[in-house]
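Colleague: Sharing a structure here in structure tokens format.
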Amino acid sequence: MSASVSNGQRSLRVGFRTSIITVFIAVVLLVGLTLVYLSFARVTDITRSAAGTFIDKVAQLGADRIDSQFKNVRDCLDILGGLPSVQSADIDDNTKLYGLMAAMLRNNEPLFNLYVGYEDGSFLEMDMIDRAGPAFRSSLNAPEDATFRLVAISRTGPAAHPATTMLLSDNLIPLEEKPGPGDYDPRQRRWYTDAFRREGTLLTGPYVFFATGLPGYTLRIPLKEGRRGVVAGDILLSQSEALLRRQQLGSGTAFLFNDDGRIVAHPEMSKLMTDFRGRGDELPKIEATNLGGLSQAVRAAEAGGHAHQFLSDKAGRTYVAAFQKVESAGAANVRLAVVAPLDEFFAEIIAERRTLFVTALGFVAAMVPLAFWIGSLLARSLRELARQTDEIQHFQLTERPKLRSMIQEIDDLARSVFTMRTVIRNFSSFVPKQIVRQLIESGASLALGGTRREITVLFTDVADFTAKTEKADPSQVMIYTSRYFAALSEVIMANQGTVDKFIGDAVMAFWNAPADDAEHAVNACRAVLACLRRNEQLNATFEAEGWPPFATRFGLHSGDAVVGNVGSADRMNYTALGATINLASRLEGLNKSYGTRVLVSAAVKDRAETHFVFRCVDRIQPKGFAESFPLFELRCERTGDISSELEFCRRWDAVYAIVERRDDAAALGMVSEFLSNHPEDRVAQLHAERLRSADVIPLPRQAGRHHT
């Protein structure tokens with residue numbers, strides 16, 4: 001049973017298995033109580049037997065609920081401890097790891113935090129601030145919209161730094177950063193040391209947490225691979241107290257205890273810890289409950305007696321108690337004790353004196369296992385379907401076998417989920433994955449229309465593609481072209497680009513749509529240079545296989561365009577329209593005239609020149625444009641040793657400045673001198689040919705395609 005918040009209101013959600021058992025017990029008891037009538041002499045004996053059986057079931061259900069809570073946390077710890085980034089202590093600026101930890105905290109209500117400590121003293125912790133109460137938020141002086149606190153300590157390695165604390169919003173946007181606890185060392189904490197001394201024990205506590213000053217329990221496991229360390233999560237004492245209160249019967253109580261006969265969790269644990277004057281961090285003993293005979297009942301159950309026992313307090317009131325092991329606690333052998341006054345079970349029965357009490361109780365005892373089995377069977381299938389639909393909503397489309405169920409409705413639902421996963425996976429092969437992801441996560445539907453926004457547009461083309469492929473086997477043309485498209489698409493998407501379409505042997509892509517990308521021009525330039533490298537690698541493979549290489553040319557331009565869905569209601573395409581797209585296409589076509597591989601506009605250069613090296617090429621006035629545009633060649637990224645490239649561009653830009661001034665005689669001399677050092681440079685050759693011409697030097701005509 002759990003509570004969730006929806007639209008500002010709390011709604012109660014009951015597990016499927018729990019609801020079946022609860023409804024079944026309620027119905028059977030209602031029927032049974034209408035049939036109950038027995039003589040007063042037999043009521044006590046019958047009720048004692050029924051009470052013992054019933055409290056056994058209640059204790060089992062309570063242990064299952066607690067075990068489920070612990071198991072959920074343990075599963076989170078297992079997943080977290082299995083991550084390569086955690087095993088290698090890659091904990092600094094790891095947004096994917098932080099996102100996973102935040103999701104685990106959101107989905108596990110008892111958890112206050114998750115953290116991992118390493119043998120060198122490094123440490124990472126994420127807390128959900130409001131679960132520790134207003135005092136904790138106030139102590140942090142946290143902004144109102146702060147949801148998480150992140151503490152990171154790196155002790156060794158190149159990324160070593162002192163402790164830092166970051167306050168994050170619900171979507172993990174940093175709100176504030178300040179120094180962390182400089183004296184904190186995870187290796188000195190109980191959760192860390194106990195994890196290695198008692199590796200089979202999941203639970204540590206209760207003790208006072210360093211971060212909040214509040215008592216609670218820690219579930220922790222040592223890392224099985226990678227660096228030596230421990231991954232753990234905290235459950236505040238207030239959370240465990242609330243959980244145990246839900247297991248109580250009437251005026252009875254429920255608590256957790258260990259093999260040493262000490263209480264590790266109790267609905268009033270805070271009071272017990274205050275009243276108990278033990279040494280150090282000793283836990284109160286079972287006798288602290290003030291229920292006489294409870295310790296003897298525990299020993300009798302351990303000695304092989306009934307799982308339930310009867311005992312009396314000092315006032316002579318009789319209680320029935322049952323004990324069930326919490327499986328996920330492991331070697332700690334933590335057990336749940338449920339204790340309730342016996343008279344609460346049969347006070348109404350005594351008053352009514354119904355004769356069929358034993359029949360109703362026997363029917364309940366016989367049918368509860370069946371209801372439990374049926375509920376578990378159905379709940380397992382429904383939980384798996386819920387998990388798969390959640391994966392689809394988060395665009396996790398890994399192939400999974402279709403779920404089978406003997407219940408026809410569940411089987412039909414499983415088939416629908418399987419079909420939906422397949423359809424979405426196939427759909428994402430034709431529509432940009434970012435669009436599909438947005439549609440799934442937002443729940444919106446496709447609609448015609450668009451918005452105007454600044455984007456960077458890329459067009460590519462393969463030089464002499466027709467000549468290379470017109471006589472080749474058509475099936476081979478398709479195979480090699482598809483391999484080529486796959487290679488370029490992979491690089492473009494890896495650099496935040498959206499592949500719009502394939503036009504013959506060309507690729508159209510753009511950046512800053514549909515997802516926002518403040519560095520769209522930089523990412524586009526980086527993608528083009530990566531495409532050039534990938535193209536060379538692919539060409540080496542093609543030549544080894546006897547296939548002609550594909551020499552790709554690129555055109556890049558940044559500007560405003562209309563981006564959105566165009567087409568009809570039953571067939572549409574997510575694309576970009578406008579003069580920006582046309583100019584990018586024409587820039588790509590001009591590579592053939594200038595003998596270049598990558599031509600970009602001034603808009604791209606202005607946005608990316610701090611990261612990349614460009615050189616001037618020419619000034620053009622494409623057909624259909626009122627103004628002329630400067631043209632630049634993208635040469636390389638500003639990383640590593642690029643001194644020769646910078647010197648080459650500096651010399652050419654000095655030559656081009658003379659060309660721009662229309663001093664033909666001086667310009668021809670400068671170009672000729674440049675060509676003596678760089679005889680293969682086609683841009684310089686083209687300008688030299690123009691300057692030697694007796695006619696007026698014309699602007700080059702556009703050789704690229706016109707995109708509509």
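Going through the structure tokens in order, the chains are called A, B, and so on, while each chain numbers its residues from 1 and the ligands are numbered from 1 in the order shown.
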If we count only C-alpha atoms, what is near Asp500 (chain A) at a cut-off of 7 Å, once residues fewer than 4 positions away on the same chain are taken out, given as a list of chain:residue names?
Modeller: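 Listing them by chain and then by number gives A:Met508, A:Ala509, A:Thr575.
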Colleague: Among region 558-695 of chain A, which ones does DSSP place in strand (DSSP E), written as an MDAnalysis selection string?
Modeller: chainID A and resid 558:568 571:577 598:601 612:620 629:637
Colleague: Just the residues within 9 Å of Pro84 (chain A), please, counting only C-alpha atoms, with nothing from its chain fewer than 5 positions along; format it as a PyMOL selection string.
Modeller: chain A and resi 89-90+225-226
Colleague: Check the smallest atom-to-atom distance from each of A:Glu302, A:Asp130, A:Glu633, A:Asp234 to Phe614 (chain A) using only C-alpha atoms, then report the winner.
Modeller: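 Residue with the minimum atom-to-atom distance to Phe614 (chain A): A:Glu633.
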Colleague: Kindly give the distance, in Å, that separates CA of Thr596 (chain A) and CA of Val528 (chain A), rounded to a single decimal.
Modeller: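 Going from CA of Thr596 (chain A) over to CA of Val528 (chain A), I get 13.3 Å.
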Colleague: Might you pull out every residue within 8 Å of Leu114 (chain A), with only C-alpha atoms counted and same-chain residues fewer than 5 positions away left off, and present them as a short mmCIF file (atom, residue, chain, number, x, y, z; two decimals) with C-alpha atoms, in the first residue's frame?
Modeller:
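Now in out22.cif:
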data_model
loop_
_atom_site.label_atom_id
_atom_site.label_comp_id
_atom_site.auth_asym_id
_atom_site.auth_seq_id
_atom_site.Cartn_x
_atom_site.Cartn_y
_atom_site.Cartn_z
CA MET A 101 19.90 8.34 -8.23
CA LEU A 105 14.76 8.39 -4.59
CA GLU A 125 25.64 11.46 -1.66
CA MET A 126 22.23 12.60 -2.96
CA ASP A 127 19.52 13.54 -0.41
CA VAL A 231 26.86 1.81 -1.68
CA ALA A 232 24.10 2.62 0.81
CA GLY A 233 20.76 4.26 1.45
CA ASP A 234 19.17 5.72 4.60
#
Colleague: Which of these, A:Cys649, A:Ala366, A:Ala288, A:Leu83, has the shortest distance to Asp681 (chain A) once you count only C-alpha atoms?
Modeller: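 For Asp681 (chain A), the nearest of the candidates is A:Cys649.
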Colleague: Can you list, as a PyMOL selection string, every protein, DNA or RNA residue that comes within 8 Å of Asn333 (chain A) when you count only C-alpha atoms, leaving out same-chain residues fewer than 6 positions away?
Modeller: chain A and resi 258-259+325-327
Colleague: Quick one: everything within 9 Å of region 451-464 of chain A, counting only C-alpha atoms, minus sequence neighbours fewer than 3 positions away in the same chain. Send it as a PDB file with N, CA and C atoms, in the first residue's frame.
Modeller:
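Resulting contents of selection.pdb:
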ATOM      1  N   ALA A 467      28.474   8.853 -61.547  1.00  0.00           N
ATOM      2  CA  ALA A 467      29.502   8.203 -62.373  1.00  0.00           C
ATOM      3  C   ALA A 467      30.045   6.952 -61.690  1.00  0.00           C
ATOM      4  N   LYS A 468      30.121   6.977 -60.363  1.00  0.00           N
ATOM      5  CA  LYS A 468      30.688   5.851 -59.623  1.00  0.00           C
ATOM      6  C   LYS A 468      29.719   4.678 -59.518  1.00  0.00           C
ATOM      7  N   THR A 469      28.432   4.946 -59.593  1.00  0.00           N
ATOM      8  CA  THR A 469      27.460   3.896 -59.284  1.00  0.00           C
ATOM      9  C   THR A 469      26.530   3.514 -60.431  1.00  0.00           C
ATOM     10  N   GLY A 504      18.571  11.361 -52.426  1.00  0.00           N
ATOM     11  CA  GLY A 504      19.515  10.700 -53.323  1.00  0.00           C
ATOM     12  C   GLY A 504      20.730  10.248 -52.548  1.00  0.00           C
ATOM     13  N   ASP A 505      21.898  10.818 -52.854  1.00  0.00           N
ATOM     14  CA  ASP A 505      23.123  10.503 -52.122  1.00  0.00           C
ATOM     15  C   ASP A 505      23.435  11.577 -51.084  1.00  0.00           C
ATOM     16  N   ALA A 506      22.529  12.502 -50.865  1.00  0.00           N
ATOM     17  CA  ALA A 506      22.772  13.626 -49.962  1.00  0.00           C
ATOM     18  C   ALA A 506      22.052  13.422 -48.635  1.00  0.00           C
ATOM     19  N   VAL A 507      22.567  14.118 -47.615  1.00  0.00           N
ATOM     20  CA  VAL A 507      21.963  14.111 -46.286  1.00  0.00           C
ATOM     21  C   VAL A 507      21.633  15.551 -45.913  1.00  0.00           C
ATOM     22  N   MET A 508      20.425  15.746 -45.399  1.00  0.00           N
ATOM     23  CA  MET A 508      20.054  17.051 -44.820  1.00  0.00           C
ATOM     24  C   MET A 508      19.866  16.856 -43.320  1.00  0.00           C
ATOM     25  N   ALA A 509      20.502  17.715 -42.525  1.00  0.00           N
ATOM     26  CA  ALA A 509      20.381  17.648 -41.073  1.00  0.00           C
ATOM     27  C   ALA A 509      20.376  19.064 -40.521  1.00  0.00           C
ATOM     28  N   PHE A 510      19.905  19.208 -39.290  1.00  0.00           N
ATOM     29  CA  PHE A 510      19.952  20.527 -38.659  1.00  0.00           C
ATOM     30  C   PHE A 510      20.096  20.378 -37.151  1.00  0.00           C
ATOM     31  N   TRP A 511      20.480  21.498 -36.521  1.00  0.00           N
ATOM     32  CA  TRP A 511      20.704  21.549 -35.072  1.00  0.00           C
ATOM     33  C   TRP A 511      19.799  22.609 -34.446  1.00  0.00           C
ATOM     34  N   ASN A 512      19.541  22.453 -33.160  1.00  0.00           N
ATOM     35  CA  ASN A 512      18.680  23.350 -32.367  1.00  0.00           C
ATOM     36  C   ASN A 512      17.207  23.123 -32.627  1.00  0.00           C
ATOM     37  N   ALA A 513      16.848  21.947 -33.106  1.00  0.00           N
ATOM     38  CA  ALA A 513      15.454  21.538 -33.255  1.00  0.00           C
ATOM     39  C   ALA A 513      15.447  20.018 -33.418  1.00  0.00           C
ATOM     40  N   ASP A 517      19.457  23.778 -28.355  1.00  0.00           N
ATOM     41  CA  ASP A 517      20.909  23.578 -28.352  1.00  0.00           C
ATOM     42  C   ASP A 517      21.565  24.944 -28.504  1.00  0.00           C
ATOM     43  N   HIS A 520      24.506  25.249 -31.125  1.00  0.00           N
ATOM     44  CA  HIS A 520      24.170  24.481 -32.319  1.00  0.00           C
ATOM     45  C   HIS A 520      25.200  24.643 -33.429  1.00  0.00           C
ATOM     46  N   ALA A 521      25.725  25.853 -33.633  1.00  0.00           N
ATOM     47  CA  ALA A 521      26.726  26.047 -34.690  1.00  0.00           C
ATOM     48  C   ALA A 521      28.016  25.299 -34.359  1.00  0.00           C
ATOM     49  N   ALA A 524      27.449  21.620 -34.843  1.00  0.00           N
ATOM     50  CA  ALA A 524      27.373  21.299 -36.265  1.00  0.00           C
ATOM     51  C   ALA A 524      28.774  21.217 -36.878  1.00  0.00           C
ATOM     52  N   VAL A 528      30.608  17.924 -38.535  1.00  0.00           N
ATOM     53  CA  VAL A 528      31.137  17.865 -39.906  1.00  0.00           C
ATOM     54  C   VAL A 528      32.569  17.330 -39.900  1.00  0.00           C
ATOM     55  N   PHE A 550      33.684   7.259 -51.393  1.00  0.00           N
ATOM     56  CA  PHE A 550      32.719   8.357 -51.452  1.00  0.00           C
ATOM     57  C   PHE A 550      33.388   9.605 -50.880  1.00  0.00           C
ATOM     58  N   ALA A 551      33.653  10.586 -51.738  1.00  0.00           N
ATOM     59  CA  ALA A 551      34.224  11.861 -51.282  1.00  0.00           C
ATOM     60  C   ALA A 551      33.072  12.820 -50.995  1.00  0.00           C
ATOM     61  N   THR A 552      32.863  13.130 -49.732  1.00  0.00           N
ATOM     62  CA  THR A 552      31.704  13.923 -49.309  1.00  0.00           C
ATOM     63  C   THR A 552      32.064  15.394 -49.187  1.00  0.00           C
ATOM     64  N   ARG A 553      31.119  16.247 -49.648  1.00  0.00           N
ATOM     65  CA  ARG A 553      31.265  17.696 -49.521  1.00  0.00           C
ATOM     66  C   ARG A 553      30.136  18.217 -48.628  1.00  0.00           C
ATOM     67  N   PHE A 554      30.424  19.268 -47.867  1.00  0.00           N
ATOM     68  CA  PHE A 554      29.498  19.741 -46.843  1.00  0.00           C
ATOM     69  C   PHE A 554      29.254  21.242 -46.983  1.00  0.00           C
ATOM     70  N   GLY A 555      28.010  21.645 -46.702  1.00  0.00           N
ATOM     71  CA  GLY A 555      27.653  23.061 -46.645  1.00  0.00           C
ATOM     72  C   GLY A 555      26.906  23.347 -45.353  1.00  0.00           C
ATOM     73  N   LEU A 556      27.311  24.400 -44.632  1.00  0.00           N
ATOM     74  CA  LEU A 556      26.709  24.750 -43.341  1.00  0.00           C
ATOM     75  C   LEU A 556      26.284  26.213 -43.330  1.00  0.00           C
ATOM     76  N   HIS A 557      25.089  26.468 -42.805  1.00  0.00           N
ATOM     77  CA  HIS A 557      24.620  27.854 -42.657  1.00  0.00           C
ATOM     78  C   HIS A 557      23.719  27.926 -41.435  1.00  0.00           C
ATOM     79  N   SER A 558      23.829  29.024 -40.676  1.00  0.00           N
ATOM     80  CA  SER A 558      22.975  29.276 -39.512  1.00  0.00           C
ATOM     81  C   SER A 558      22.058  30.449 -39.817  1.00  0.00           C
ATOM     82  N   GLY A 559      20.793  30.294 -39.439  1.00  0.00           N
ATOM     83  CA  GLY A 559      19.841  31.369 -39.642  1.00  0.00           C
ATOM     84  C   GLY A 559      18.455  30.949 -39.221  1.00  0.00           C
ATOM     85  N   ASP A 560      17.493  31.859 -39.347  1.00  0.00           N
ATOM     86  CA  ASP A 560      16.119  31.562 -38.968  1.00  0.00           C
ATOM     87  C   ASP A 560      15.450  30.679 -40.018  1.00  0.00           C
ATOM     88  N   ALA A 561      14.605  29.753 -39.543  1.00  0.00           N
ATOM     89  CA  ALA A 561      13.844  28.887 -40.433  1.00  0.00           C
ATOM     90  C   ALA A 561      12.559  28.490 -39.722  1.00  0.00           C
ATOM     91  N   VAL A 562      11.602  28.047 -40.490  1.00  0.00           N
ATOM     92  CA  VAL A 562      10.360  27.511 -39.922  1.00  0.00           C
ATOM     93  C   VAL A 562      10.556  26.013 -39.753  1.00  0.00           C
ATOM     94  N   VAL A 563      10.429  25.536 -38.514  1.00  0.00           N
ATOM     95  CA  VAL A 563      10.664  24.130 -38.199  1.00  0.00           C
ATOM     96  C   VAL A 563       9.379  23.532 -37.646  1.00  0.00           C
ATOM     97  N   GLY A 564       8.974  22.403 -38.193  1.00  0.00           N
ATOM     98  CA  GLY A 564       7.770  21.752 -37.698  1.00  0.00           C
ATOM     99  C   GLY A 564       7.301  20.674 -38.635  1.00  0.00           C
ATOM    100  N   ALA A 576      12.499  21.478 -41.940  1.00  0.00           N
ATOM    101  CA  ALA A 576      12.724  22.921 -41.830  1.00  0.00           C
ATOM    102  C   ALA A 576      12.586  23.552 -43.205  1.00  0.00           C
ATOM    103  N   THR A 580      17.204  29.962 -45.286  1.00  0.00           N
ATOM    104  CA  THR A 580      18.379  29.386 -44.612  1.00  0.00           C
ATOM    105  C   THR A 580      18.710  28.016 -45.172  1.00  0.00           C
ATOM    106  N   ILE A 581      17.686  27.217 -45.440  1.00  0.00           N
ATOM    107  CA  ILE A 581      17.911  25.872 -45.962  1.00  0.00           C
ATOM    108  C   ILE A 581      18.447  25.961 -47.394  1.00  0.00           C
ATOM    109  N   ALA A 584      22.158  26.933 -47.360  1.00  0.00           N
ATOM    110  CA  ALA A 584      23.019  25.822 -46.939  1.00  0.00           C
ATOM    111  C   ALA A 584      23.215  24.841 -48.083  1.00  0.00           C
ATOM    112  N   SER A 585      22.141  24.554 -48.826  1.00  0.00           N
ATOM    113  CA  SER A 585      22.241  23.647 -49.967  1.00  0.00           C
ATOM    114  C   SER A 585      23.183  24.202 -51.028  1.00  0.00           C
ATOM    115  N   ARG A 586      23.079  25.507 -51.279  1.00  0.00           N
ATOM    116  CA  ARG A 586      23.928  26.113 -52.309  1.00  0.00           C
ATOM    117  C   ARG A 586      25.388  26.182 -51.876  1.00  0.00           C
ATOM    118  N   LEU A 587      25.629  26.389 -50.590  1.00  0.00           N
ATOM    119  CA  LEU A 587      26.998  26.380 -50.094  1.00  0.00           C
ATOM    120  C   LEU A 587      27.652  25.021 -50.346  1.00  0.00           C
ATOM    121  N   GLU A 588      26.884  23.959 -50.114  1.00  0.00           N
ATOM    122  CA  GLU A 588      27.432  22.618 -50.363  1.00  0.00           C
ATOM    123  C   GLU A 588      27.823  22.457 -51.822  1.00  0.00           C
ATOM    124  N   GLY A 589      26.972  22.943 -52.744  1.00  0.00           N
ATOM    125  CA  GLY A 589      27.262  22.807 -54.162  1.00  0.00           C
ATOM    126  C   GLY A 589      28.482  23.579 -54.616  1.00  0.00           C
ATOM    127  N   LYS A 592      32.381  22.190 -55.210  1.00  0.00           N
ATOM    128  CA  LYS A 592      32.918  21.679 -56.475  1.00  0.00           C
ATOM    129  C   LYS A 592      33.707  22.758 -57.205  1.00  0.00           C
ATOM    130  N   VAL A 604      27.802  31.030 -39.471  1.00  0.00           N
ATOM    131  CA  VAL A 604      28.404  29.892 -38.773  1.00  0.00           C
ATOM    132  C   VAL A 604      29.760  30.288 -38.203  1.00  0.00           C
TER     133      VAL A 604
END
Colleague: Using only C-alpha atoms, which residues sit within 6 Å of region 174-191 of chain A once same-chain residues fewer than 3 positions away are excluded, as a PDB file with C-alpha atoms, in the first residue's frame?
Modeller:
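This went into selection_6.pdb:
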ATOM      1  CA  GLY A 117      31.928   5.756  -0.242  1.00  0.00           C
ATOM      2  CA  GLY A 121      37.767   8.521   1.224  1.00  0.00           C
ATOM      3  CA  ALA A 163      33.969  18.373  -0.368  1.00  0.00           C
ATOM      4  CA  THR A 164      31.370  20.370  -2.299  1.00  0.00           C
ATOM      5  CA  THR A 165      27.619  20.643  -1.749  1.00  0.00           C
ATOM      6  CA  MET A 166      25.161  21.437  -4.539  1.00  0.00           C
ATOM      7  CA  LEU A 167      21.467  22.160  -4.181  1.00  0.00           C
ATOM      8  CA  LEU A 168      19.514  20.925  -7.196  1.00  0.00           C
ATOM      9  CA  ASP A 194      30.019  -2.788   9.105  1.00  0.00           C
TER      10      ASP A 194
END
Colleague: Quick check for you: according to DSSP on this backbone, which residues of region 280-334 of chain A are classed as alpha helix (DSSP H)? Reply as a PyMOL selection string.
Modeller: chain A and resi 294-302
Colleague: CA of Leu631 (chain A) to CA of Ala654 (chain A): how many Å, to one decimal?
Modeller: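 Answer for the CA of Leu631 (chain A) to CA of Ala654 (chain A) separation: 15.5 Å.
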